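Coordinates as given in target-v7.cif (mmCIF, C-alpha atoms):
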```cif
data_my_file
#
loop_
_atom_site.label_atom_id
_atom_site.label_comp_id
_atom_site.auth_asym_id
_atom_site.auth_seq_id
_atom_site.Cartn_x
_atom_site.Cartn_y
_atom_site.Cartn_z
CA MET A 48 0.00 0.00 0.00
CA ASP A 49 1.17 3.53 -0.78
CA ALA A 50 2.23 5.78 2.08
CA ILE A 51 -0.37 8.35 3.14
CA PHE A 52 0.37 12.05 3.58
CA GLU A 53 -1.82 15.09 2.96
CA VAL A 54 -2.07 18.52 4.51
CA GLU A 55 -4.93 20.91 3.73
CA GLN A 56 -6.19 24.26 4.94
CA ILE A 57 -9.92 25.02 4.73
CA ARG A 58 -12.06 27.93 5.84
CA ARG A 59 -15.81 27.40 6.26
CA THR A 60 -18.64 29.81 6.99
CA GLY A 61 -21.90 29.17 8.80
CA ASN A 62 -23.06 25.88 10.26
CA PHE A 63 -20.87 22.92 9.26
CA ASN A 64 -20.89 19.41 10.71
CA MET A 65 -18.86 16.47 9.47
CA ASP A 66 -21.34 14.04 7.97
CA SER A 67 -18.98 11.27 6.91
CA ASP A 68 -18.17 8.04 8.73
CA HIS A 69 -15.02 8.90 10.57
CA PHE A 70 -12.43 6.52 11.81
CA HIS A 71 -9.62 5.18 9.66
CA ASP A 72 -6.29 3.35 9.49
CA PHE A 73 -4.13 6.47 9.59
CA TYR A 74 -3.38 9.35 11.95
CA GLU A 75 -4.72 12.91 11.84
CA ILE A 76 -3.62 16.22 13.31
CA TYR A 77 -6.29 18.94 13.45
CA TYR A 78 -5.27 22.55 14.17
CA LEU A 79 -7.98 25.19 14.61
CA LEU A 80 -6.73 28.48 13.17
CA SER A 81 -9.83 30.51 13.95
CA GLY A 82 -13.39 30.15 15.22
CA GLU A 83 -14.82 27.59 17.63
CA ARG A 84 -15.77 23.92 17.24
CA HIS A 85 -17.08 21.01 19.23
CA TYR A 86 -14.87 17.95 18.84
CA TYR A 87 -15.92 14.42 19.77
CA ILE A 88 -12.83 12.42 20.65
CA HIS A 89 -12.13 9.44 22.91
CA ASN A 90 -15.78 9.28 24.10
CA ARG A 91 -15.92 12.90 25.25
CA ILE A 92 -16.90 16.28 23.81
CA TYR A 93 -14.42 19.16 23.88
CA ALA A 94 -15.01 22.84 23.14
CA LEU A 95 -12.18 23.86 20.82
CA GLN A 96 -10.95 27.42 20.55
CA ALA A 97 -8.50 29.00 18.10
CA GLY A 98 -5.01 27.64 18.65
CA ASP A 99 -6.11 24.22 19.92
CA ILE A 100 -4.62 21.14 18.28
CA VAL A 101 -5.98 17.58 18.29
CA PHE A 102 -4.00 14.40 17.60
CA ILE A 103 -6.21 11.52 16.41
CA ASN A 104 -4.86 8.00 16.66
CA LYS A 105 -5.70 5.27 14.15
CA ASN A 106 -9.18 3.76 14.38
CA GLU A 107 -10.30 6.37 16.92
CA LEU A 108 -13.86 7.52 16.31
CA HIS A 109 -14.03 11.32 16.00
CA ARG A 110 -16.15 14.10 14.55
CA THR A 111 -16.27 17.90 14.60
CA THR A 112 -19.53 19.83 14.84
CA SER A 113 -20.52 23.48 15.02
CA ARG A 114 -20.24 25.20 18.37
CA ASN A 115 -21.91 28.28 16.92
CA ARG A 116 -22.57 29.56 13.43
CA SER A 117 -19.41 31.67 13.18
CA PRO A 118 -16.81 30.92 10.46
CA HIS A 119 -13.90 28.66 11.30
CA GLU A 120 -10.61 27.78 9.65
CA ARG A 121 -8.48 24.71 10.22
CA ILE A 122 -5.44 22.82 8.97
CA LEU A 123 -5.66 19.02 8.78
CA ILE A 124 -2.79 16.56 8.33
CA SER A 125 -3.36 12.89 7.45
CA PHE A 126 -0.46 10.41 7.51
CA ASP A 127 0.58 6.85 8.30
CA GLU A 128 3.71 5.11 9.62
CA GLN A 129 4.95 4.27 6.14
CA PHE A 130 5.32 7.96 5.34
CA LEU A 131 7.47 8.58 8.43
CA SER A 132 9.53 5.39 8.57
CA PRO A 133 12.27 6.52 6.09
CA VAL A 134 13.26 9.41 8.40
CA ALA A 135 12.29 7.97 11.79
CA GLY A 136 13.80 4.53 11.16
CA MET A 137 14.23 2.44 14.28
CA ASP A 138 13.09 5.40 16.39
CA MET A 139 9.50 4.89 15.18
CA ASP A 140 8.96 2.69 18.25
CA ARG A 141 10.10 5.55 20.48
CA LEU A 142 7.48 7.96 19.16
CA GLY A 143 5.08 7.43 22.03
CA ILE A 144 2.67 9.88 20.46
CA LEU A 145 1.82 7.23 17.83
CA ALA A 146 1.22 4.45 20.35
CA GLY A 147 -0.91 6.30 22.89
CA GLU A 148 -4.44 7.64 22.89
CA SER A 149 -5.81 10.59 20.96
CA PHE A 150 -5.48 13.89 22.79
CA LEU A 151 -6.20 17.62 22.74
CA LEU A 152 -3.60 20.32 23.48
CA ARG A 153 -4.06 24.01 24.23
CA PRO A 154 -0.62 25.45 23.40
CA THR A 155 0.68 28.82 24.60
CA ALA A 156 0.91 31.74 22.14
CA HIS A 157 4.61 31.01 21.59
CA GLU A 158 3.94 27.29 21.02
CA GLN A 159 1.12 28.16 18.60
CA GLY A 160 3.57 30.25 16.57
CA GLU A 161 5.99 27.32 16.31
CA ILE A 162 3.19 24.95 15.28
CA VAL A 163 1.78 27.33 12.65
CA ASP A 164 5.27 27.85 11.16
CA LEU A 165 5.65 24.09 10.68
CA LEU A 166 2.14 23.72 9.25
CA GLN A 167 2.57 26.58 6.80
CA ALA A 168 5.92 25.13 5.69
CA MET A 169 4.16 21.81 4.97
CA LEU A 170 1.43 23.54 2.97
CA ARG A 171 4.00 25.43 0.87
CA GLU A 172 6.12 22.34 0.28
CA GLN A 173 3.13 20.22 -0.75
CA ARG A 174 1.96 22.98 -3.10
CA ASP A 175 5.35 23.73 -4.71
CA ASN A 176 6.50 20.09 -4.97
CA GLN A 177 10.18 20.96 -5.37
CA HIS A 178 13.24 18.68 -5.50
CA ARG A 179 13.23 16.23 -2.54
CA SER A 180 9.88 17.61 -1.44
CA ARG A 181 8.80 14.28 0.06
CA LEU A 182 11.89 14.08 2.27
CA TYR A 183 11.40 17.66 3.43
CA LEU A 184 7.75 16.96 4.30
CA GLN A 185 8.79 13.88 6.26
CA THR A 186 11.27 15.90 8.35
CA LEU A 187 8.70 18.67 8.95
CA LEU A 188 6.13 16.16 10.15
CA LEU A 189 8.65 14.48 12.43
CA GLN A 190 9.53 17.89 13.92
CA LEU A 191 5.84 18.59 14.54
CA LEU A 192 5.25 15.25 16.28
CA ILE A 193 8.25 15.73 18.55
CA ARG A 194 7.12 19.28 19.35
CA LEU A 195 3.60 18.08 20.24
CA ASP A 196 5.05 15.33 22.43
CA ARG A 197 7.15 17.88 24.31
CA ILE A 198 4.20 20.26 24.74
CA ARG A 199 2.07 17.43 26.07
CA ASP A 200 4.75 16.35 28.54
CA ALA A 201 5.11 19.93 29.82
CA LYS A 202 1.39 20.55 30.38
CA PRO A 203 0.44 20.45 34.08
CA SER A 204 -3.13 19.36 33.37
CA ALA A 205 -5.27 18.16 30.50
CA VAL A 206 -8.06 20.16 28.84
CA ASN A 207 -11.31 19.05 30.44
CA PRO A 208 -14.27 17.81 28.38
CA GLU A 209 -17.66 19.52 28.48
CA GLN A 210 -19.76 18.36 31.45
CA SER A 211 -23.37 19.51 31.19
CA GLU A 212 -26.05 17.24 32.64
CA GLY A 213 -27.10 16.06 29.18
CA GLN A 214 -23.52 15.42 28.14
CA ARG A 215 -22.78 13.40 31.27
CA ARG A 216 -25.82 11.24 30.52
CA VAL A 217 -24.57 10.67 26.97
CA TYR A 218 -21.14 9.72 28.33
CA ASP A 219 -22.86 7.04 30.44
CA ILE A 220 -24.69 5.77 27.35
CA ILE A 221 -21.40 5.63 25.40
CA GLU A 222 -19.78 3.59 28.16
CA TYR A 223 -22.78 1.25 28.15
CA LEU A 224 -22.55 0.74 24.38
CA ASP A 225 -18.79 0.14 24.59
CA ALA A 226 -19.36 -2.56 27.22
CA HIS A 227 -22.39 -4.27 25.65
CA TYR A 228 -21.83 -4.00 21.87
CA ARG A 229 -21.63 -7.81 21.60
CA GLU A 230 -25.25 -8.13 22.72
CA LYS A 231 -28.44 -7.65 20.75
CA LEU A 232 -29.25 -3.99 21.47
CA THR A 233 -32.30 -1.95 20.47
CA LEU A 234 -33.00 1.75 20.82
CA GLY A 235 -35.98 0.97 23.00
CA GLY A 236 -33.97 -1.31 25.24
CA ILE A 237 -31.15 1.23 25.64
CA ALA A 238 -33.65 4.01 26.45
CA GLU A 239 -35.42 1.79 28.98
CA HIS A 240 -32.11 0.96 30.67
CA PHE A 241 -31.47 4.68 31.25
CA PHE A 242 -35.12 5.49 32.14
CA ILE A 243 -35.52 7.91 29.22
CA SER A 244 -37.70 7.93 26.12
CA THR A 245 -36.41 6.67 22.79
CA PRO A 246 -36.87 10.09 21.05
CA TYR A 247 -34.93 11.79 23.88
CA LEU A 248 -32.16 9.18 23.61
CA CYS A 249 -31.79 9.68 19.86
CA ARG A 250 -32.00 13.47 19.96
CA THR A 251 -29.60 14.00 22.87
CA PHE A 252 -27.04 11.49 21.62
CA LYS A 253 -26.98 13.05 18.15
CA GLN A 254 -26.78 16.62 19.47
CA THR A 255 -23.95 15.74 21.83
CA THR A 256 -21.72 13.47 19.72
CA GLY A 257 -22.71 14.24 16.13
CA PHE A 258 -23.48 10.54 15.64
CA THR A 259 -26.73 8.63 15.83
CA VAL A 260 -26.84 5.81 18.39
CA VAL A 261 -26.89 3.22 15.58
CA GLU A 262 -23.92 4.87 13.84
CA TYR A 263 -21.90 4.83 17.03
CA LEU A 264 -22.77 1.23 17.83
CA ASN A 265 -21.82 0.16 14.30
CA TYR A 266 -18.48 1.98 14.54
CA VAL A 267 -17.62 0.25 17.82
CA ARG A 268 -18.51 -3.13 16.35
CA ILE A 269 -16.58 -2.51 13.11
CA ARG A 270 -13.51 -1.34 15.04
CA GLU A 271 -13.53 -4.66 16.88
CA THR A 272 -14.14 -6.72 13.74
CA LYS A 273 -11.17 -5.06 12.02
CA ALA A 274 -8.89 -6.18 14.83
CA LEU A 275 -10.28 -9.73 14.69
CA LEU A 276 -9.90 -9.89 10.91
CA LYS A 277 -6.25 -8.90 11.21
CA ASP A 278 -5.26 -10.82 14.33
CA THR A 279 -7.22 -14.08 14.20
CA GLY A 280 -8.01 -16.82 11.74
CA TRP A 281 -11.69 -16.87 12.69
CA ARG A 282 -14.28 -17.27 9.98
CA VAL A 283 -16.19 -14.11 9.07
CA THR A 284 -19.42 -15.68 10.36
CA ARG A 285 -17.87 -16.14 13.80
CA ILE A 286 -16.50 -12.60 13.85
CA ALA A 287 -19.93 -11.20 12.97
CA ARG A 288 -21.54 -13.24 15.74
CA GLU A 289 -18.92 -12.33 18.35
CA THR A 290 -19.32 -8.58 17.69
CA GLY A 291 -23.09 -8.37 17.90
CA PHE A 292 -24.23 -8.38 14.27
CA GLU A 293 -27.58 -10.02 13.70
CA SER A 294 -26.56 -11.71 10.42
CA ILE A 295 -23.58 -12.13 8.12
CA ALA A 296 -25.39 -10.10 5.44
CA HIS A 297 -25.96 -7.20 7.83
CA PHE A 298 -22.32 -7.36 8.93
CA GLY A 299 -21.13 -7.28 5.32
CA ARG A 300 -23.26 -4.24 4.44
CA VAL A 301 -22.19 -2.25 7.50
CA PHE A 302 -18.52 -3.18 7.17
CA LYS A 303 -18.36 -2.13 3.52
CA GLY A 304 -20.32 1.04 4.24
CA VAL A 305 -17.81 2.10 6.91
CA THR A 306 -14.52 0.86 5.42
CA GLY A 307 -15.24 0.80 1.68
CA ARG A 308 -14.13 -2.86 1.52
CA THR A 309 -15.62 -6.27 2.21
CA PRO A 310 -14.38 -8.10 5.32
CA LEU A 311 -12.37 -10.57 3.21
CA GLN A 312 -10.79 -7.76 1.16
CA TYR A 313 -9.80 -6.01 4.39
CA ARG A 314 -8.26 -9.19 5.80
CA LYS A 315 -6.31 -9.89 2.62
CA GLN A 316 -4.95 -6.33 2.35
CA ASN A 317 -3.87 -6.20 5.99
CA ARG A 318 -2.17 -9.58 5.91
CA GLU A 319 -0.17 -8.75 2.80
#
```

So, in terms of structure tokens, how does the structure I just supplied come out?
Amino acid sequence: MDAIFEVEQIRRTGNFNMDSDHFHDFYEIYYLLSGERHYYIHNRIYALQAGDIVFINKNELHRTTSRNRSPHERILISFDEQFLSPVAGMDMDRLGILAGESFLLRPTAHEQGEIVDLLQAMLREQRDNQHRSRLYLQTLLLQLLIRLDRIRDAKPSAVNPEQSEGQRRVYDIIEYLDAHYREKLTLGGIAEHFFISTPYLCRTFKQTTGFTVVEYLNYVRIRETKALLKDTGWRVTRIARETGFESIAHFGRVFKGVTGRTPLQYRKQNRE
């Protein structure tokens, strides 16, 4: 498979919510240049402000939604290990940032300046595509990752997620889904477990996370099936059953809808 690297800068006006299925087999770095956003990451909602930067690990479910209707501008980097390995070499294993969880940083003004300088250099290099551009991009990305790791290590405390009453209830629902995804779950049964109505469950979950309950449950199940397809020799029928899908046909449709590949195609590609 070809190495993945892309950096893009986009400015949007008005109300914008990501509407695509969003977890993948590569890393992302999201830097908010201006405006405000809500960011769902690692089962919590964070209120982003200009200057915040988010590191998204592989296969981590995430989504940005509008915090208000004001314009916002961001820079997004997508990359995988193959892109970095020529410059990181054996030190790839020492980049703890790639092995840990996704995280949000709120850098100081000075740190923001350093980050923006690196991001703008990447954008220029990708646009101009000069001699040895790929190598230069690799070294810029490695610098950025090391800088983020140092900023994270120096921070006395993490940025806290939002904690309204409704959001705390949704966090409880998320934890329930994460623990019980192997079971046969229905919207009515989930709502009854939390002593709320089904319409309230659906509305509050969507408003808080940006996902529907069914979307989230499918993502959790698919994340687990991907690991089983790569790491075990189990038949696809067993994997579907072990991760809560009601039938092999339903599993196949959901898996292809989320990943763009059939389960067997995914297994073959990841074993090669």

Taking all atoms of region 74-90 of chain A that the file lists, what box with edges along x, y and z, padded by 6 Å per side, do you get, with centre and edge lengths in Å to one decimal, as JSON?
```
{"center_x": -10.2, "center_y": 19.9, "center_z": 18.0, "size_x": 25.7, "size_y": 33.2, "size_z": 24.3}
```

Exercise. Enumerate, as a PyMOL selection string, the residues matched when the PyMOL selection byres ((chain A and resi 222) around 12) is run on the file above.
Key: chain A and resi 89-91+215-221+223-228+237+263-264+267

Exercise. Identify, on the basis of all atoms listed in the file, every residue whose closest approach to Ile295 (chain A) does not exceed 8 Å; exclude the query and any residue fewer than 6 positions from it along the same chain; express the result as JSON, numbers by chain.
Key: {"A": [283, 284, 287, 288]}

Quiz prompt | Shortest interatomic distance to His119 (chain A) - which of A:Gly257, A:Gly136, A:Pro246, A:Gly98, counting all atoms listed in the file | solution =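 Ranked by minimum distance to His119 (chain A), first place goes to A:Gly98.
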
Practice problem: Could you state which residues are captured by the PyMOL selection byres ((chain A and resi 276) around 12) in this file, as number ranges by chain? | Solution: A: 269-275, 277-287, 289-290, 302, 309-318

Practice problem: For each of A:Leu123, A:Leu232, A:Val134, A:Val206, take the minimum atom-to-atom distance to Glu53 (chain A), counting only C-alpha atoms, then give the residue where this is smallest. | Solution: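 Under the stated criterion, the closest residue is A:Leu123.
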